[in-house]
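Text of the file final.txt, holding compact mmCIF, C-alpha atoms:
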```
# COMPACT_ATOMS: atom_id res chain seq x y z
CA VAL A 1 0.00 0.00 0.00
CA ILE A 2 1.27 3.46 -0.93
CA GLN A 3 -0.11 6.29 1.17
CA ILE A 4 0.18 9.68 -0.52
CA HIS A 5 -0.11 12.83 1.64
CA ARG A 6 -3.66 14.20 1.51
CA ARG A 7 -2.20 17.45 0.18
CA TRP A 8 -1.77 15.70 -3.19
CA LEU A 9 -5.21 14.10 -3.43
CA LYS A 10 -6.20 16.17 -6.47
CA ALA A 11 -2.90 15.37 -8.17
CA LEU A 12 -3.94 11.71 -8.32
CA LYS A 13 -7.02 12.34 -10.45
CA GLY A 14 -7.12 9.93 -13.37
CA ILE A 15 -4.21 7.77 -12.24
CA GLU A 16 -6.49 4.73 -12.07
CA GLY A 17 -6.66 4.87 -15.89
CA PHE A 18 -3.19 3.31 -15.89
CA SER A 19 -2.67 -0.33 -15.02
CA HIS A 20 0.99 0.16 -14.09
CA LEU A 21 2.96 2.86 -12.30
CA ILE A 22 6.61 3.65 -11.75
CA VAL A 23 7.17 4.26 -8.06
CA VAL A 24 10.20 6.41 -7.22
CA PHE A 25 11.35 6.19 -3.62
CA TRP A 26 14.09 7.25 -1.26
CA LEU A 27 16.28 4.32 -0.20
CA ASP A 28 16.49 5.54 3.37
CA ARG A 29 18.15 2.41 4.74
CA ALA A 30 20.89 2.12 2.13
CA HIS A 31 24.54 2.67 2.95
CA LYS A 32 27.20 4.39 0.88
CA PRO A 33 27.89 2.54 -2.35
CA ASP A 34 30.75 0.19 -2.96
CA MET A 35 32.23 1.03 -6.35
CA GLN A 36 32.00 -2.56 -7.57
CA ILE A 37 30.02 -5.48 -6.17
CA HIS A 38 29.15 -9.09 -6.67
CA PRO A 39 25.48 -8.72 -7.69
CA ARG A 40 23.27 -9.66 -4.73
CA GLY A 41 26.34 -10.90 -2.94
CA GLN A 42 26.81 -13.87 -5.28
CA LYS A 43 30.53 -14.59 -5.23
CA GLY A 44 30.16 -16.73 -8.33
CA ILE A 45 29.41 -13.61 -10.36
CA PRO A 46 32.41 -11.41 -11.20
CA TRP A 47 32.68 -7.86 -9.85
CA VAL A 48 30.57 -5.32 -11.71
CA GLY A 49 30.21 -1.59 -11.19
CA TYR A 50 27.27 -0.71 -8.95
CA LEU A 51 25.77 1.45 -11.73
CA ALA A 52 25.41 -1.74 -13.79
CA THR A 53 23.24 -3.24 -11.02
CA ARG A 54 20.04 -2.41 -9.19
CA THR A 55 21.63 -2.46 -5.75
CA PRO A 56 20.00 0.01 -3.31
CA HIS A 57 23.46 1.19 -2.23
CA ARG A 58 24.03 4.06 -4.67
CA ALA A 59 25.55 7.54 -4.71
CA ASN A 60 22.03 8.94 -5.03
CA PRO A 61 19.87 6.43 -3.15
CA ILE A 62 16.81 6.62 -5.38
CA GLY A 63 14.92 3.41 -6.03
CA LEU A 64 12.33 2.70 -8.65
CA THR A 65 9.99 -0.17 -9.24
CA VAL A 66 7.28 -0.80 -11.79
CA VAL A 67 4.11 -1.90 -10.00
CA ARG A 68 0.62 -2.89 -10.96
CA LEU A 69 -2.06 -0.54 -9.62
CA LEU A 70 -4.82 -2.68 -8.13
CA ASN A 71 -7.00 0.12 -6.80
CA ARG A 72 -7.07 3.64 -5.41
CA LYS A 73 -9.16 4.86 -2.51
CA GLY A 74 -8.47 8.57 -2.18
CA THR A 75 -4.77 8.92 -1.44
CA ARG A 76 -4.31 5.20 -0.75
CA LEU A 77 -2.95 3.18 -3.66
CA THR A 78 -2.94 -0.60 -3.45
CA VAL A 79 -0.26 -1.98 -5.73
CA LYS A 80 1.39 -5.26 -6.58
CA GLY A 81 5.12 -5.80 -6.93
CA LEU A 82 6.50 -2.95 -4.82
CA ASP A 83 10.05 -3.94 -3.98
CA ALA A 84 10.65 -1.60 -1.02
CA TRP A 85 10.71 -1.87 2.76
CA ASP A 86 7.63 -0.85 4.71
CA GLY A 87 7.80 2.85 5.58
CA THR A 88 10.06 3.80 2.67
CA PRO A 89 9.46 7.45 1.70
CA ILE A 90 7.84 7.86 -1.73
CA LEU A 91 9.34 10.60 -3.89
CA ASP A 92 7.19 10.36 -6.97
CA ILE A 93 4.64 8.27 -8.83
CA LYS A 94 4.66 8.19 -12.61
CA PRO A 95 2.29 6.46 -15.00
CA TYR A 96 3.85 3.61 -17.00
CA THR A 97 3.67 4.42 -20.70
CA ARG A 98 4.82 2.97 -24.01
CA LYS A 99 8.18 4.71 -23.80
CA ASP A 100 8.94 2.70 -20.64
CA ALA A 101 8.15 -0.63 -22.30
CA VAL A 102 11.11 -1.76 -24.37
CA PRO A 103 10.08 -4.74 -26.49
CA ARG A 104 13.59 -6.08 -27.08
CA PHE A 105 16.63 -5.46 -24.95
CA ARG A 106 19.88 -7.13 -24.06
CA MET A 107 21.29 -8.00 -20.64
CA PRO A 108 24.59 -9.60 -19.66
CA GLY A 109 24.64 -13.31 -18.88
CA TRP A 110 25.05 -12.83 -15.13
CA VAL A 111 21.51 -11.46 -14.86
CA ARG A 112 20.10 -14.77 -16.04
CA LEU A 113 22.34 -16.59 -13.57
CA LEU A 114 21.06 -14.33 -10.75
CA ASP A 115 17.50 -15.07 -11.72
CA ARG A 116 18.10 -18.80 -11.40
CA LEU A 117 19.54 -18.25 -7.91
CA GLU A 118 16.68 -15.98 -6.76
CA THR A 119 14.29 -17.49 -4.23
CA ASP A 120 12.17 -14.43 -3.34
CA PRO A 121 9.12 -14.60 -5.66
CA LEU A 122 8.71 -10.80 -5.58
CA ARG A 123 12.17 -10.49 -7.08
CA ARG A 124 11.71 -13.21 -9.65
CA TYR A 125 10.99 -12.23 -13.19
CA ALA A 126 7.52 -13.06 -14.46
CA GLU A 127 7.53 -15.93 -16.93
CA ALA A 128 5.53 -13.85 -19.40
CA ALA A 129 8.13 -11.10 -19.59
CA PRO A 130 10.53 -11.03 -22.56
CA VAL B 1 25.76 12.17 -24.29
CA ILE B 2 25.83 11.51 -20.56
CA GLN B 3 29.03 12.52 -18.81
CA ILE B 4 29.52 10.74 -15.48
CA HIS B 5 31.99 12.23 -12.98
CA ARG B 6 35.37 10.47 -13.24
CA ARG B 7 35.02 9.52 -9.58
CA TRP B 8 32.48 6.88 -10.65
CA LEU B 9 34.43 5.37 -13.53
CA LYS B 10 34.81 2.00 -11.81
CA ALA B 11 31.11 1.96 -10.94
CA LEU B 12 30.33 1.78 -14.66
CA LYS B 13 32.15 -1.51 -15.21
CA GLY B 14 29.94 -3.92 -17.13
CA ILE B 15 27.19 -1.44 -17.95
CA GLU B 16 27.79 -1.94 -21.68
CA GLY B 17 26.36 -5.46 -21.25
CA PHE B 18 22.93 -3.81 -21.16
CA SER B 19 21.33 -2.43 -24.30
CA HIS B 20 19.01 -0.08 -22.38
CA LEU B 21 19.36 2.08 -19.29
CA ILE B 22 17.03 4.03 -17.05
CA VAL B 23 18.41 7.53 -16.62
CA VAL B 24 17.27 9.35 -13.48
CA PHE B 25 17.82 13.09 -13.52
CA TRP B 26 17.08 16.27 -11.62
CA LEU B 27 14.55 18.45 -13.43
CA ASP B 28 16.42 21.63 -12.58
CA ARG B 29 14.36 23.89 -14.83
CA ALA B 30 10.94 22.76 -13.66
CA HIS B 31 8.61 25.01 -11.67
CA LYS B 32 6.32 24.08 -8.80
CA PRO B 33 3.61 21.67 -9.86
CA ASP B 34 0.05 22.60 -10.69
CA MET B 35 -2.21 20.07 -8.97
CA GLN B 36 -4.08 19.27 -12.18
CA ILE B 37 -3.14 19.99 -15.78
CA HIS B 38 -4.19 19.56 -19.36
CA PRO B 39 -1.54 17.03 -20.49
CA ARG B 40 1.10 18.87 -22.56
CA GLY B 41 -1.12 21.93 -22.54
CA GLN B 42 -3.73 20.32 -24.79
CA LYS B 43 -7.01 22.03 -23.87
CA GLY B 44 -8.94 19.30 -25.63
CA ILE B 45 -7.88 16.83 -22.96
CA PRO B 46 -9.71 17.12 -19.62
CA TRP B 47 -7.84 18.06 -16.44
CA VAL B 48 -5.88 15.22 -14.89
CA GLY B 49 -3.79 15.14 -11.74
CA TYR B 50 -0.11 15.81 -12.40
CA LEU B 51 0.81 12.45 -10.85
CA ALA B 52 -1.13 10.78 -13.66
CA THR B 53 1.14 12.51 -16.20
CA ARG B 54 4.84 12.71 -17.01
CA THR B 55 5.01 16.49 -16.70
CA PRO B 56 8.41 17.72 -15.41
CA HIS B 57 6.63 20.04 -12.97
CA ARG B 58 6.35 17.77 -9.92
CA ALA B 59 6.59 18.02 -6.14
CA ASN B 60 9.86 16.08 -6.36
CA PRO B 61 11.33 17.12 -9.71
CA ILE B 62 12.88 13.80 -10.65
CA GLY B 63 12.74 12.74 -14.27
CA LEU B 64 13.39 9.36 -15.77
CA THR B 65 13.79 8.14 -19.30
CA VAL B 66 14.58 4.77 -20.77
CA VAL B 67 17.41 5.14 -23.29
CA ARG B 68 19.35 2.90 -25.58
CA LEU B 69 23.06 2.71 -24.75
CA LEU B 70 24.98 3.11 -27.98
CA ASN B 71 28.48 3.06 -26.52
CA ARG B 72 30.65 3.91 -23.54
CA LYS B 73 34.07 5.49 -23.61
CA GLY B 74 35.22 5.70 -20.02
CA THR B 75 32.74 7.90 -18.20
CA ARG B 76 31.10 9.11 -21.40
CA LEU B 77 27.90 7.29 -22.36
CA THR B 78 26.39 7.89 -25.77
CA VAL B 79 22.69 7.12 -25.64
CA LYS B 80 19.60 7.42 -27.81
CA GLY B 81 16.25 8.74 -26.65
CA LEU B 82 17.26 10.92 -23.70
CA ASP B 83 14.36 13.31 -23.16
CA ALA B 84 16.17 15.96 -21.08
CA TRP B 85 17.62 19.41 -21.67
CA ASP B 86 21.33 19.75 -22.25
CA GLY B 87 23.15 20.21 -18.93
CA THR B 88 20.51 18.45 -16.84
CA PRO B 89 22.13 16.92 -13.72
CA ILE B 90 22.13 13.13 -13.73
CA LEU B 91 21.17 11.53 -10.41
CA ASP B 92 21.47 7.86 -11.25
CA ILE B 93 21.80 5.33 -14.04
CA LYS B 94 20.15 1.95 -13.74
CA PRO B 95 20.27 -1.02 -16.08
CA TYR B 96 16.97 -1.86 -17.78
CA THR B 97 15.87 -5.35 -16.78
CA ARG B 98 12.92 -7.67 -17.26
CA LYS B 99 11.06 -6.24 -14.29
CA ASP B 100 10.95 -2.88 -16.07
CA ALA B 101 9.47 -4.35 -19.24
CA VAL B 102 5.74 -4.84 -18.77
CA PRO B 103 4.40 -6.86 -21.71
CA ARG B 104 0.77 -5.74 -21.35
CA PHE B 105 -0.48 -2.60 -19.69
CA ARG B 106 -3.42 -0.24 -19.89
CA MET B 107 -3.43 3.52 -20.39
CA PRO B 108 -6.33 6.00 -20.52
CA GLY B 109 -7.61 7.12 -23.91
CA TRP B 110 -6.13 10.61 -23.67
CA VAL B 111 -2.60 9.19 -23.97
CA ARG B 112 -3.38 7.88 -27.44
CA LEU B 113 -4.87 11.25 -28.36
CA LEU B 114 -1.69 13.00 -27.15
CA ASP B 115 0.42 10.69 -29.24
CA ARG B 116 -1.50 11.63 -32.38
CA LEU B 117 -0.92 15.32 -31.60
CA GLU B 118 2.82 14.88 -30.91
CA THR B 119 5.16 16.31 -33.52
CA ASP B 120 8.54 15.89 -31.77
CA PRO B 121 9.91 12.52 -32.99
CA LEU B 122 11.88 12.03 -29.75
CA ARG B 123 8.63 12.11 -27.84
CA ARG B 124 6.73 9.89 -30.24
CA TYR B 125 6.22 6.29 -29.30
CA ALA B 126 8.11 3.79 -31.39
CA GLU B 127 5.87 1.87 -33.75
CA ALA B 128 7.32 -1.39 -32.53
CA ALA B 129 6.29 -0.79 -28.92
CA PRO B 130 3.14 -2.48 -27.59
```

Translate this structure into structure tokens?
Amino acid sequence: VIQIHRRWLKALKGIEGFSHLIVVFWLDRAHKPDMQIHPRGQKGIPWVGYLATRTPHRANPIGLTVVRLLNRKGTRLTVKGLDAWDGTPILDIKPYTRKDAVPRFRMPGWVRLLDRLETDPLRRYAEAAP
Amino acid sequence: VIQIHRRWLKALKGIEGFSHLIVVFWLDRAHKPDMQIHPRGQKGIPWVGYLATRTPHRANPIGLTVVRLLNRKGTRLTVKGLDAWDGTPILDIKPYTRKDAVPRFRMPGWVRLLDRLETDPLRRYAEAAP
């Protein structure tokens, strides 16, 4: 559940016309970044720069996640897929549009390896995705 | 072209394994948001809340654009599709992954109308997109 301050109630008008949103949030529990990391701590994956990963530990600790909007009641948005700790401050909400949906894209091999190692279903890629 | 500070050179290692990036930037020329707007000033489209649009004029002026990474030379990234003014401060770069690519999503009718009115090719949706 995302709770928007009541001050912005009117700014939400029409948001329920979108099935998906991009939630931008402040990673308030992150620490300073390490320049290079083993993605998700997997020692079997070679060091990569943190900017080539989605680690929360970044120079500017801004997180973003694409979520499905299930419903809105006033300033209360119920969403699916929000990959953030409870209580994380929300910076912005943006509607998901065609420019965000890349039909074909390339990723390095270690991402696929990570996905096979992932046990948290929230973090697992949907089978339907490209 | 995105110029990353040389301090973060090592943090870019491996980023060229991704074809697409999410660029997060500070909308330094935006003004305070209007609660509701006609999207892109089109009077023919009814008022919607700014959070249901991608206007740069937001409570937290953070912009994001999905770009194609054409090449990297050190801290210099050449990209395609960056919808930001020259000199805009970059906050973060994230690799585009499967969780960002929603295969099916819904948008309100006014988005399609906007797209027909759009003349700037950078802002036009690619034909290949869903």

Can you move chain B onto chain A by a least-squares fit over all C-alpha atoms paired in order, then give me the moved copy as a PDB file with C-alpha atoms, keeping the file's coordinate frame?
```
ATOM      1  CA  VAL B   1       0.018  -0.006  -0.016  1.00  0.00           C
ATOM      2  CA  ILE B   2       1.276   3.447  -0.936  1.00  0.00           C
ATOM      3  CA  GLN B   3      -0.099   6.272   1.174  1.00  0.00           C
ATOM      4  CA  ILE B   4       0.176   9.664  -0.534  1.00  0.00           C
ATOM      5  CA  HIS B   5      -0.092  12.802   1.623  1.00  0.00           C
ATOM      6  CA  ARG B   6      -3.648  14.192   1.513  1.00  0.00           C
ATOM      7  CA  ARG B   7      -2.208  17.434   0.159  1.00  0.00           C
ATOM      8  CA  TRP B   8      -1.762  15.675  -3.198  1.00  0.00           C
ATOM      9  CA  LEU B   9      -5.191  14.076  -3.445  1.00  0.00           C
ATOM     10  CA  LYS B  10      -6.193  16.143  -6.476  1.00  0.00           C
ATOM     11  CA  ALA B  11      -2.887  15.357  -8.179  1.00  0.00           C
ATOM     12  CA  LEU B  12      -3.931  11.701  -8.318  1.00  0.00           C
ATOM     13  CA  LYS B  13      -7.018  12.331 -10.443  1.00  0.00           C
ATOM     14  CA  GLY B  14      -7.101   9.923 -13.372  1.00  0.00           C
ATOM     15  CA  ILE B  15      -4.203   7.753 -12.241  1.00  0.00           C
ATOM     16  CA  GLU B  16      -6.488   4.708 -12.077  1.00  0.00           C
ATOM     17  CA  GLY B  17      -6.661   4.862 -15.894  1.00  0.00           C
ATOM     18  CA  PHE B  18      -3.185   3.310 -15.888  1.00  0.00           C
ATOM     19  CA  SER B  19      -2.664  -0.340 -15.032  1.00  0.00           C
ATOM     20  CA  HIS B  20       1.007   0.150 -14.097  1.00  0.00           C
ATOM     21  CA  LEU B  21       2.968   2.846 -12.301  1.00  0.00           C
ATOM     22  CA  ILE B  22       6.614   3.662 -11.760  1.00  0.00           C
ATOM     23  CA  VAL B  23       7.186   4.261  -8.065  1.00  0.00           C
ATOM     24  CA  VAL B  24      10.211   6.406  -7.218  1.00  0.00           C
ATOM     25  CA  PHE B  25      11.347   6.204  -3.618  1.00  0.00           C
ATOM     26  CA  TRP B  26      14.102   7.259  -1.258  1.00  0.00           C
ATOM     27  CA  LEU B  27      16.274   4.324  -0.209  1.00  0.00           C
ATOM     28  CA  ASP B  28      16.498   5.544   3.368  1.00  0.00           C
ATOM     29  CA  ARG B  29      18.141   2.405   4.733  1.00  0.00           C
ATOM     30  CA  ALA B  30      20.889   2.124   2.141  1.00  0.00           C
ATOM     31  CA  HIS B  31      24.555   2.683   2.976  1.00  0.00           C
ATOM     32  CA  LYS B  32      27.213   4.389   0.885  1.00  0.00           C
ATOM     33  CA  PRO B  33      27.896   2.542  -2.339  1.00  0.00           C
ATOM     34  CA  ASP B  34      30.777   0.184  -2.948  1.00  0.00           C
ATOM     35  CA  MET B  35      32.239   1.040  -6.353  1.00  0.00           C
ATOM     36  CA  GLN B  36      32.018  -2.555  -7.566  1.00  0.00           C
ATOM     37  CA  ILE B  37      30.035  -5.468  -6.172  1.00  0.00           C
ATOM     38  CA  HIS B  38      29.160  -9.087  -6.665  1.00  0.00           C
ATOM     39  CA  PRO B  39      25.486  -8.707  -7.697  1.00  0.00           C
ATOM     40  CA  ARG B  40      23.278  -9.642  -4.715  1.00  0.00           C
ATOM     41  CA  GLY B  41      26.360 -10.894  -2.917  1.00  0.00           C
ATOM     42  CA  GLN B  42      26.795 -13.854  -5.266  1.00  0.00           C
ATOM     43  CA  LYS B  43      30.532 -14.603  -5.221  1.00  0.00           C
ATOM     44  CA  GLY B  44      30.158 -16.713  -8.332  1.00  0.00           C
ATOM     45  CA  ILE B  45      29.403 -13.599 -10.354  1.00  0.00           C
ATOM     46  CA  PRO B  46      32.414 -11.405 -11.196  1.00  0.00           C
ATOM     47  CA  TRP B  47      32.681  -7.852  -9.855  1.00  0.00           C
ATOM     48  CA  VAL B  48      30.572  -5.323 -11.717  1.00  0.00           C
ATOM     49  CA  GLY B  49      30.218  -1.595 -11.195  1.00  0.00           C
ATOM     50  CA  TYR B  50      27.285  -0.697  -8.955  1.00  0.00           C
ATOM     51  CA  LEU B  51      25.784   1.446 -11.729  1.00  0.00           C
ATOM     52  CA  ALA B  52      25.420  -1.726 -13.791  1.00  0.00           C
ATOM     53  CA  THR B  53      23.260  -3.230 -11.022  1.00  0.00           C
ATOM     54  CA  ARG B  54      20.047  -2.407  -9.181  1.00  0.00           C
ATOM     55  CA  THR B  55      21.652  -2.459  -5.741  1.00  0.00           C
ATOM     56  CA  PRO B  56      20.015   0.014  -3.304  1.00  0.00           C
ATOM     57  CA  HIS B  57      23.464   1.203  -2.214  1.00  0.00           C
ATOM     58  CA  ARG B  58      24.026   4.068  -4.666  1.00  0.00           C
ATOM     59  CA  ALA B  59      25.557   7.542  -4.700  1.00  0.00           C
ATOM     60  CA  ASN B  60      22.029   8.940  -5.022  1.00  0.00           C
ATOM     61  CA  PRO B  61      19.867   6.442  -3.138  1.00  0.00           C
ATOM     62  CA  ILE B  62      16.816   6.610  -5.369  1.00  0.00           C
ATOM     63  CA  GLY B  63      14.929   3.409  -6.035  1.00  0.00           C
ATOM     64  CA  LEU B  64      12.332   2.697  -8.651  1.00  0.00           C
ATOM     65  CA  THR B  65       9.985  -0.176  -9.238  1.00  0.00           C
ATOM     66  CA  VAL B  66       7.293  -0.802 -11.788  1.00  0.00           C
ATOM     67  CA  VAL B  67       4.115  -1.905 -10.003  1.00  0.00           C
ATOM     68  CA  ARG B  68       0.636  -2.900 -10.967  1.00  0.00           C
ATOM     69  CA  LEU B  69      -2.049  -0.558  -9.629  1.00  0.00           C
ATOM     70  CA  LEU B  70      -4.792  -2.688  -8.139  1.00  0.00           C
ATOM     71  CA  ASN B  71      -6.981   0.117  -6.825  1.00  0.00           C
ATOM     72  CA  ARG B  72      -7.076   3.627  -5.418  1.00  0.00           C
ATOM     73  CA  LYS B  73      -9.162   4.848  -2.527  1.00  0.00           C
ATOM     74  CA  GLY B  74      -8.455   8.542  -2.190  1.00  0.00           C
ATOM     75  CA  THR B  75      -4.763   8.890  -1.448  1.00  0.00           C
ATOM     76  CA  ARG B  76      -4.308   5.187  -0.757  1.00  0.00           C
ATOM     77  CA  LEU B  77      -2.940   3.159  -3.670  1.00  0.00           C
ATOM     78  CA  THR B  78      -2.938  -0.612  -3.451  1.00  0.00           C
ATOM     79  CA  VAL B  79      -0.259  -1.985  -5.739  1.00  0.00           C
ATOM     80  CA  LYS B  80       1.406  -5.281  -6.585  1.00  0.00           C
ATOM     81  CA  GLY B  81       5.136  -5.802  -6.943  1.00  0.00           C
ATOM     82  CA  LEU B  82       6.519  -2.953  -4.834  1.00  0.00           C
ATOM     83  CA  ASP B  83      10.079  -3.955  -3.979  1.00  0.00           C
ATOM     84  CA  ALA B  84      10.652  -1.599  -1.022  1.00  0.00           C
ATOM     85  CA  TRP B  85      10.711  -1.881   2.756  1.00  0.00           C
ATOM     86  CA  ASP B  86       7.648  -0.863   4.705  1.00  0.00           C
ATOM     87  CA  GLY B  87       7.811   2.846   5.580  1.00  0.00           C
ATOM     88  CA  THR B  88      10.062   3.791   2.668  1.00  0.00           C
ATOM     89  CA  PRO B  89       9.452   7.447   1.688  1.00  0.00           C
ATOM     90  CA  ILE B  90       7.836   7.842  -1.717  1.00  0.00           C
ATOM     91  CA  LEU B  91       9.340  10.590  -3.883  1.00  0.00           C
ATOM     92  CA  ASP B  92       7.181  10.354  -6.973  1.00  0.00           C
ATOM     93  CA  ILE B  93       4.648   8.256  -8.838  1.00  0.00           C
ATOM     94  CA  LYS B  94       4.655   8.185 -12.611  1.00  0.00           C
ATOM     95  CA  PRO B  95       2.295   6.449 -15.005  1.00  0.00           C
ATOM     96  CA  TYR B  96       3.844   3.608 -17.010  1.00  0.00           C
ATOM     97  CA  THR B  97       3.664   4.412 -20.712  1.00  0.00           C
ATOM     98  CA  ARG B  98       4.825   2.975 -24.014  1.00  0.00           C
ATOM     99  CA  LYS B  99       8.187   4.702 -23.809  1.00  0.00           C
ATOM    100  CA  ASP B 100       8.943   2.697 -20.666  1.00  0.00           C
ATOM    101  CA  ALA B 101       8.143  -0.625 -22.318  1.00  0.00           C
ATOM    102  CA  VAL B 102      11.111  -1.735 -24.400  1.00  0.00           C
ATOM    103  CA  PRO B 103      10.064  -4.732 -26.507  1.00  0.00           C
ATOM    104  CA  ARG B 104      13.590  -6.070 -27.089  1.00  0.00           C
ATOM    105  CA  PHE B 105      16.632  -5.443 -24.961  1.00  0.00           C
ATOM    106  CA  ARG B 106      19.896  -7.124 -24.079  1.00  0.00           C
ATOM    107  CA  MET B 107      21.289  -7.979 -20.657  1.00  0.00           C
ATOM    108  CA  PRO B 108      24.602  -9.592 -19.657  1.00  0.00           C
ATOM    109  CA  GLY B 109      24.651 -13.303 -18.874  1.00  0.00           C
ATOM    110  CA  TRP B 110      25.057 -12.831 -15.127  1.00  0.00           C
ATOM    111  CA  VAL B 111      21.509 -11.449 -14.863  1.00  0.00           C
ATOM    112  CA  ARG B 112      20.091 -14.760 -16.043  1.00  0.00           C
ATOM    113  CA  LEU B 113      22.320 -16.580 -13.564  1.00  0.00           C
ATOM    114  CA  LEU B 114      21.045 -14.328 -10.746  1.00  0.00           C
ATOM    115  CA  ASP B 115      17.486 -15.064 -11.719  1.00  0.00           C
ATOM    116  CA  ARG B 116      18.075 -18.802 -11.395  1.00  0.00           C
ATOM    117  CA  LEU B 117      19.515 -18.248  -7.905  1.00  0.00           C
ATOM    118  CA  GLU B 118      16.640 -15.992  -6.766  1.00  0.00           C
ATOM    119  CA  THR B 119      14.266 -17.497  -4.230  1.00  0.00           C
ATOM    120  CA  ASP B 120      12.139 -14.443  -3.328  1.00  0.00           C
ATOM    121  CA  PRO B 121       9.091 -14.598  -5.653  1.00  0.00           C
ATOM    122  CA  LEU B 122       8.696 -10.796  -5.560  1.00  0.00           C
ATOM    123  CA  ARG B 123      12.139 -10.469  -7.062  1.00  0.00           C
ATOM    124  CA  ARG B 124      11.684 -13.196  -9.641  1.00  0.00           C
ATOM    125  CA  TYR B 125      10.961 -12.184 -13.185  1.00  0.00           C
ATOM    126  CA  ALA B 126       7.497 -12.993 -14.422  1.00  0.00           C
ATOM    127  CA  GLU B 127       7.458 -15.862 -16.881  1.00  0.00           C
ATOM    128  CA  ALA B 128       5.436 -13.801 -19.307  1.00  0.00           C
ATOM    129  CA  ALA B 129       8.056 -11.058 -19.554  1.00  0.00           C
ATOM    130  CA  PRO B 130      10.418 -11.020 -22.548  1.00  0.00           C
TER     131      PRO B 130
END
```

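With atom CA of His20 of chain B on one side and atom CA of Lys80 of chain B on the other, the separation reads 9.3 Å.
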
Q.
Nearest residue to chain A out of B:Arg116, B:Lys94, B:His5, B:Arg29, using only C-alpha atoms?
A. B:Lys94

Identify, on the basis of all atoms listed in the file, every residue whose closest approach to Lys10 of chain B does not exceed 8 Å; exclude the query and any residue fewer than 3 positions from it along the same chain; express the result as a compact mmCIF listing (two decimals) with C-alpha atoms, in the coordinates of the input.
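Contents of part08.txt, freshly written:
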```
# COMPACT_ATOMS: atom_id res chain seq x y z
CA MET A 35 32.23 1.03 -6.35
CA GLN A 36 32.00 -2.56 -7.57
CA GLY A 49 30.21 -1.59 -11.19
CA ARG B 7 35.02 9.52 -9.58
CA LYS B 13 32.15 -1.51 -15.21
```

**Q.** Nearest-residue call for Met107 of chain B, choices A:Leu12, A:Gly87, A:Leu82, A:Leu21, using all atoms listed in the file
**A.** A:Leu21

Q. Taking all atoms listed in the file into account, which of A:Ala59, A:Val48, A:Leu70, A:Ile22 comes nearest Trp8 of chain B?
A. A:Ala59
